[in-house]
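In what follows, a single structure is set out as structure tokens and then discussed.
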Amino acid sequence: MTISRTDTIAAVATPPGEGAIAVIRISGPDAIAIGGSIFRARSPLASSPGFTLHHGLIVGTDGREVDEGLAAVFRAPRSYSGEDTVEISCHGGLFVTGAVLNVVLAAGARRADPGEFTRRAYLNGKMDLSRAEAVASLISSGSERAHRASLAQLQGRLAGAVEELRSELSRLCALLEIDLDFSEEGISVVGRAEIERSIRQVKERVERLAHSFRAGKIYRDGVSVVIVGPPNAGKSSLFNALLKESRAIVTPIAGTTRDYLEESLMLEGILFRITDTAGLRKSGDPIESEGIARTMKSIEGADVVIVVADARGGEAKVVLESLPLTAAQQVVLVRNKIDLIPGEPENVHVANEAGRNCIVVPLSALTGKGIHGLAGALINTVGESELSVHETVCVISERHAESLRKGARSLSTALESLGTGMTNEFVAFDLREAVSALGEITGGITSDDVLNSIFAQFCVGK
Ligand SMILES: Nc1nc2c(ncn2[C@@H]2O[C@H](COP(=O)(O)OP(=O)(O)O)[C@@H](O)[C@H]2O)c(=O)[nH]1
Ligand SMILES: [Mg+2]
């Protein structure tokens, strides 16, 4: 992808489909000339000041009228992208928006790449990189917490925290360098103990930010939960009871759920992606075997595995032993069908089964008794610290987390250098490495490859 910053781009900024209105965005040096050439209004766009709204007709280069609408004029640098911009609001419909966009393209604009408006906003200094990325994550937020974390990032909370740490490190660097100048005369103005304490403090904060990505990832991607167990244990019934709708087919014939179904469940503002799977048993039926193979595959990517078994039998342990579980995965053991066991206690508890600590939830998927306890158990798998980090800044991008980790590593090296009595030069070098690692979060990236991979995640028109 070659990006020229001097051409004029256009795209439909609203999602495809039918709606009351759609917005076609034009940005670049010729935006107002191009917009003006296809928009017939009482006062021409070309001579209109910024922040003005015009009613008129959208007309093709051949003079044919395409739609009636509104055009908003923004003049550089006071626009989203920092360039001259025209936003045409027309009627929302697949055909009409496509027709208006074609008229704009025929008048000289180029079709925008995904995220190109935001990329220009970044390159024009309208927003730092972390805020530009927050735009994409805000748009794709699927849960309240993802939304909250993205909005905080968009408002510059992460950028603010990172800039504070960078400026503290730069200050320490300067101190070390001043000392370097004086050291030839054998005078030391900087207490190394004091520098060490400050570096340690910054390192702790950097690590805490990096660590917040554990929660950030959960906010962003949700928690993936897989329901497994022998046929007829009541997996699909449980799936339905959890989602309170009959999405999965429930039948008394063993082996009905051959593929798997995924649905989303929102608990405490966190997205749980729940998958119902085929029963686990040796099967001669090739379709069912395929389902079982898929079950095993979906277990691999799961954060939480719910093992469902009939409370009257002892299958849970056997199933648990047969699963390819990792240490990081959490297991919830559902003892189902307690409606068939009179007097069965329904308290959620932790027990050791097949050598693992599991949360045991007795319930009845049929009557709904105990389902509430399962929802509570799912929330508990997320962990107290992950649920409470929204009080502070939360990192929601792998790229940011990696830069923070890189910064923390440089700070460790700096502390080592200090500890082993290396000269200030070495310590200052490591600090500068940390400053540049943290700088990658907010900007300082000009490499096209990195920028391309960041903005490729955007939708067209943003
Ligand atoms: N009595 C009782 N029957 C249940 C319960 N949960 C599921 N069932 C029944 O068990 C059978 C198998 O259920 P299903 O959800 O299809 O099991 P799956 O094969 O594990 O997906 C169906 O007849 C359900 O009605 C329960 O909690 N109590
Ligand atoms: Mg089923």
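Following the order of the structure tokens, chains are lettered A, B, ..., residues in each are numbered from 1, and ligands are numbered from 1.
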
**Request:** Can you check which residues of range 281-397 of chain A DSSP gives as alpha helix (DSSP H) on the backbone and send them as a PyMOL selection string?
**Result:** chain A and resi 286-300+315-322+371-382+384-388

Range 98-141 of chain A near range 14-21 of chain A within 12 Å: what's each residue's closest atom pair and its distance in Å to one decimal, counting only C-alpha atoms, ordered by chain then ascending residue number, as JSON lines?
{"residue": "A:Gly98", "atom": "CA", "partner": "A:Pro16", "partner_atom": "CA", "distance": 9.4}
{"residue": "A:Leu101", "atom": "CA", "partner": "A:Thr14", "partner_atom": "CA", "distance": 12.0}
{"residue": "A:Ile139", "atom": "CA", "partner": "A:Pro15", "partner_atom": "CA", "distance": 11.5}

**Prompt:** Please, which residues of range 256-317 of chain A, numbered as in this document, come out strand (DSSP E) from DSSP, as number ranges by chain?
**Reply:** A: 261-267, 270-276, 304-310

**Request:** Would you please work out which residue, of A:Val318, A:Ile178, A:Ile270, A:Leu261, is nearest to Gly291 in chain A when using only C-alpha atoms?
**Result:**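 Answer, going by the shortest atom-to-atom distance: A:Leu261.
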
**Request:** For Met127 in chain A, please output as JSON, numbers by chain all residues within 10 Å (counting only C-alpha atoms; exclusion window: fewer than 3 positions along the same chain).
**Result:** {"A": [80, 81, 82, 118, 119, 120, 121, 122, 123, 124, 130, 131, 132, 133, 154, 155, 156, 442, 443]}

Output N, CA and C atoms of each residue in that selection to a file, as a CSV table (one decimal), in the first residue's frame.
chain,number,residue,atom,x,y,z
A,80,TYR,N,-11.6,16.2,11.6
A,80,TYR,CA,-11.1,14.9,12.2
A,80,TYR,C,-9.7,14.5,11.7
A,81,SER,N,-9.5,14.6,10.3
A,81,SER,CA,-8.3,14.2,9.7
A,81,SER,C,-7.2,15.3,9.8
A,82,GLY,N,-7.6,16.5,10.1
A,82,GLY,CA,-6.7,17.6,10.0
A,82,GLY,C,-6.6,18.2,8.6
A,118,THR,N,-8.2,8.1,9.9
A,118,THR,CA,-7.6,8.2,11.2
A,118,THR,C,-6.1,8.2,11.1
A,119,ARG,N,-5.5,7.5,10.1
A,119,ARG,CA,-4.1,7.5,9.9
A,119,ARG,C,-3.6,8.9,9.6
A,120,ARG,N,-4.4,9.6,8.7
A,120,ARG,CA,-4.1,11.0,8.4
A,120,ARG,C,-4.2,11.9,9.6
A,121,ALA,N,-5.2,11.6,10.5
A,121,ALA,CA,-5.3,12.4,11.7
A,121,ALA,C,-4.1,12.2,12.6
A,122,TYR,N,-3.6,11.0,12.6
A,122,TYR,CA,-2.3,10.7,13.4
A,122,TYR,C,-1.2,11.5,12.8
A,123,LEU,N,-1.0,11.3,11.4
A,123,LEU,CA,0.1,11.9,10.8
A,123,LEU,C,0.1,13.4,10.8
A,124,ASN,N,-1.1,14.0,10.9
A,124,ASN,CA,-1.3,15.4,11.0
A,124,ASN,C,-1.3,15.9,12.4
A,130,SER,N,-1.9,6.1,20.4
A,130,SER,CA,-2.7,5.3,21.3
A,130,SER,C,-4.2,5.7,21.2
A,131,ARG,N,-4.4,7.0,20.9
A,131,ARG,CA,-5.8,7.5,20.8
A,131,ARG,C,-6.3,7.0,19.4
A,132,ALA,N,-5.5,7.1,18.4
A,132,ALA,CA,-6.0,6.6,17.1
A,132,ALA,C,-6.4,5.1,17.2
A,133,GLU,N,-5.6,4.3,17.9
A,133,GLU,CA,-6.0,2.9,18.0
A,133,GLU,C,-7.2,2.8,18.9
A,154,LEU,N,-9.1,6.7,24.4
A,154,LEU,CA,-9.4,7.7,23.4
A,154,LEU,C,-9.3,9.1,24.1
A,155,GLN,N,-9.6,9.2,25.3
A,155,GLN,CA,-9.5,10.5,26.0
A,155,GLN,C,-8.1,10.8,26.5
A,156,GLY,N,-7.2,9.9,26.2
A,156,GLY,CA,-5.8,10.1,26.4
A,156,GLY,C,-5.3,9.7,27.8
A,442,THR,N,2.6,6.0,22.1
A,442,THR,CA,1.9,7.2,21.7
A,442,THR,C,2.3,7.7,20.4
A,443,GLY,N,3.4,7.3,19.8
A,443,GLY,CA,3.8,7.8,18.5
A,443,GLY,C,5.2,7.4,18.3

**Request:** Compile the contact shell of Ala408 in chain A as a PyMOL selection string: residues with an atom at most 6 Å away, counting only C-alpha atoms, same-chain residues fewer than 3 positions apart removed.
**Result:** chain A and resi 203+405+411

Print the selection's residues with N, CA and C atoms to a file, as an mmCIF file, in the first residue's frame.
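Once everything was written out, this is again.cif:
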data_model
loop_
_atom_site.group_PDB
_atom_site.id
_atom_site.type_symbol
_atom_site.label_atom_id
_atom_site.label_comp_id
_atom_site.auth_asym_id
_atom_site.auth_seq_id
_atom_site.Cartn_x
_atom_site.Cartn_y
_atom_site.Cartn_z
ATOM 1 N N LYS A 203 9.585 1.657 37.150
ATOM 2 C CA LYS A 203 9.505 0.270 36.668
ATOM 3 C C LYS A 203 8.243 -0.406 37.210
ATOM 4 N N ARG A 405 6.349 -3.993 28.246
ATOM 5 C CA ARG A 405 7.237 -5.057 28.709
ATOM 6 C C ARG A 405 8.671 -4.764 28.298
ATOM 7 N N LEU A 411 14.473 -1.122 32.009
ATOM 8 C CA LEU A 411 14.613 -0.562 33.358
ATOM 9 C C LEU A 411 15.282 -1.573 34.288
#

**Message:** With only C-alpha atoms as the counted atoms, please give the residues lying no more than 10 Å from Ser412 in chain A, apart from itself and same-chain residues fewer than 6 positions off, as a count of residues only.
**Reply:** 8

**Proximity to Ser224 in chain A - best of A:Thr381, A:Thr367, A:Thr85, A:Gln153, only C-alpha atoms** = A:Thr381

Non-local contacts of Cys90 in chain A (9 Å; only C-alpha atoms; under 3 positions in same chain excluded) as a PDB file with N, CA and C atoms, in the first residue's frame:
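Output contents, as saved in out_13.pdb:
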ATOM      1  N   ALA A  20     -31.594   5.493   7.953  1.00  0.00           N
ATOM      2  CA  ALA A  20     -32.183   6.800   7.691  1.00  0.00           C
ATOM      3  C   ALA A  20     -31.225   7.659   6.877  1.00  0.00           C
ATOM      4  N   ILE A  21     -29.967   7.680   7.303  1.00  0.00           N
ATOM      5  CA  ILE A  21     -28.974   8.445   6.551  1.00  0.00           C
ATOM      6  C   ILE A  21     -27.683   7.640   6.440  1.00  0.00           C
ATOM      7  N   ALA A  22     -26.863   8.045   5.465  1.00  0.00           N
ATOM      8  CA  ALA A  22     -25.512   7.493   5.345  1.00  0.00           C
ATOM      9  C   ALA A  22     -24.601   8.696   5.164  1.00  0.00           C
ATOM     10  N   VAL A  23     -23.347   8.535   5.556  1.00  0.00           N
ATOM     11  CA  VAL A  23     -22.406   9.642   5.434  1.00  0.00           C
ATOM     12  C   VAL A  23     -21.264   9.242   4.512  1.00  0.00           C
ATOM     13  N   ILE A  24     -21.007  10.094   3.529  1.00  0.00           N
ATOM     14  CA  ILE A  24     -19.860   9.884   2.642  1.00  0.00           C
ATOM     15  C   ILE A  24     -18.830  10.947   3.009  1.00  0.00           C
ATOM     16  N   ILE A  58     -27.101  16.251  -4.844  1.00  0.00           N
ATOM     17  CA  ILE A  58     -25.861  15.596  -5.268  1.00  0.00           C
ATOM     18  C   ILE A  58     -26.032  15.271  -6.749  1.00  0.00           C
ATOM     19  N   ASP A  67     -29.101  12.281  -5.541  1.00  0.00           N
ATOM     20  CA  ASP A  67     -29.813  12.300  -4.253  1.00  0.00           C
ATOM     21  C   ASP A  67     -29.869  13.746  -3.759  1.00  0.00           C
ATOM     22  N   GLU A  68     -30.654  13.913  -2.700  1.00  0.00           N
ATOM     23  CA  GLU A  68     -30.737  15.205  -2.034  1.00  0.00           C
ATOM     24  C   GLU A  68     -30.148  14.982  -0.651  1.00  0.00           C
ATOM     25  N   GLY A  69     -29.422  15.977  -0.135  1.00  0.00           N
ATOM     26  CA  GLY A  69     -28.833  15.742   1.191  1.00  0.00           C
ATOM     27  C   GLY A  69     -28.206  16.976   1.789  1.00  0.00           C
ATOM     28  N   LEU A  70     -27.334  16.740   2.766  1.00  0.00           N
ATOM     29  CA  LEU A  70     -26.644  17.819   3.457  1.00  0.00           C
ATOM     30  C   LEU A  70     -25.143  17.645   3.279  1.00  0.00           C
ATOM     31  N   ALA A  71     -24.446  18.766   3.179  1.00  0.00           N
ATOM     32  CA  ALA A  71     -22.983  18.699   3.119  1.00  0.00           C
ATOM     33  C   ALA A  71     -22.409  19.555   4.242  1.00  0.00           C
ATOM     34  N   GLY A  93     -28.998   3.776   1.979  1.00  0.00           N
ATOM     35  CA  GLY A  93     -29.448   2.596   1.249  1.00  0.00           C
ATOM     36  C   GLY A  93     -28.251   2.138   0.457  1.00  0.00           C
ATOM     37  N   VAL A  96     -28.059   3.852  -3.129  1.00  0.00           N
ATOM     38  CA  VAL A  96     -27.871   5.304  -3.179  1.00  0.00           C
ATOM     39  C   VAL A  96     -26.503   5.710  -2.612  1.00  0.00           C
ATOM     40  N   THR A  97     -26.051   5.069  -1.528  1.00  0.00           N
ATOM     41  CA  THR A  97     -24.736   5.447  -0.979  1.00  0.00           C
ATOM     42  C   THR A  97     -23.632   5.096  -1.966  1.00  0.00           C
ATOM     43  N   VAL A 100     -23.646   7.739  -4.706  1.00  0.00           N
ATOM     44  CA  VAL A 100     -23.049   9.011  -4.282  1.00  0.00           C
ATOM     45  C   VAL A 100     -21.526   8.863  -4.216  1.00  0.00           C
TER      46      VAL A 100
END

**Asked** Could you pull the residues within 7 Å of range 38-45 of chain A, counting only C-alpha atoms, minus those fewer than 4 positions along the same chain, as a PyMOL selection string?
**Response** chain A and resi 32+34+54-61

**Asked** Nearest to His147 in chain A among A:Pro114, A:Gly229, A:Gly35, A:Gly269, with distances taken over only C-alpha atoms: which residue is it?
**Response**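 Closest candidate: A:Gly269.
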
**Asked** CA of Glu168 in chain A to CA of Cys394 in chain A: how many Å, to one decimal?
**Response** 20.4 Å

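The interatomic distance for the pair CA of Ser170 in chain A and CA of Val393 in chain A works out to 21.9 Å.
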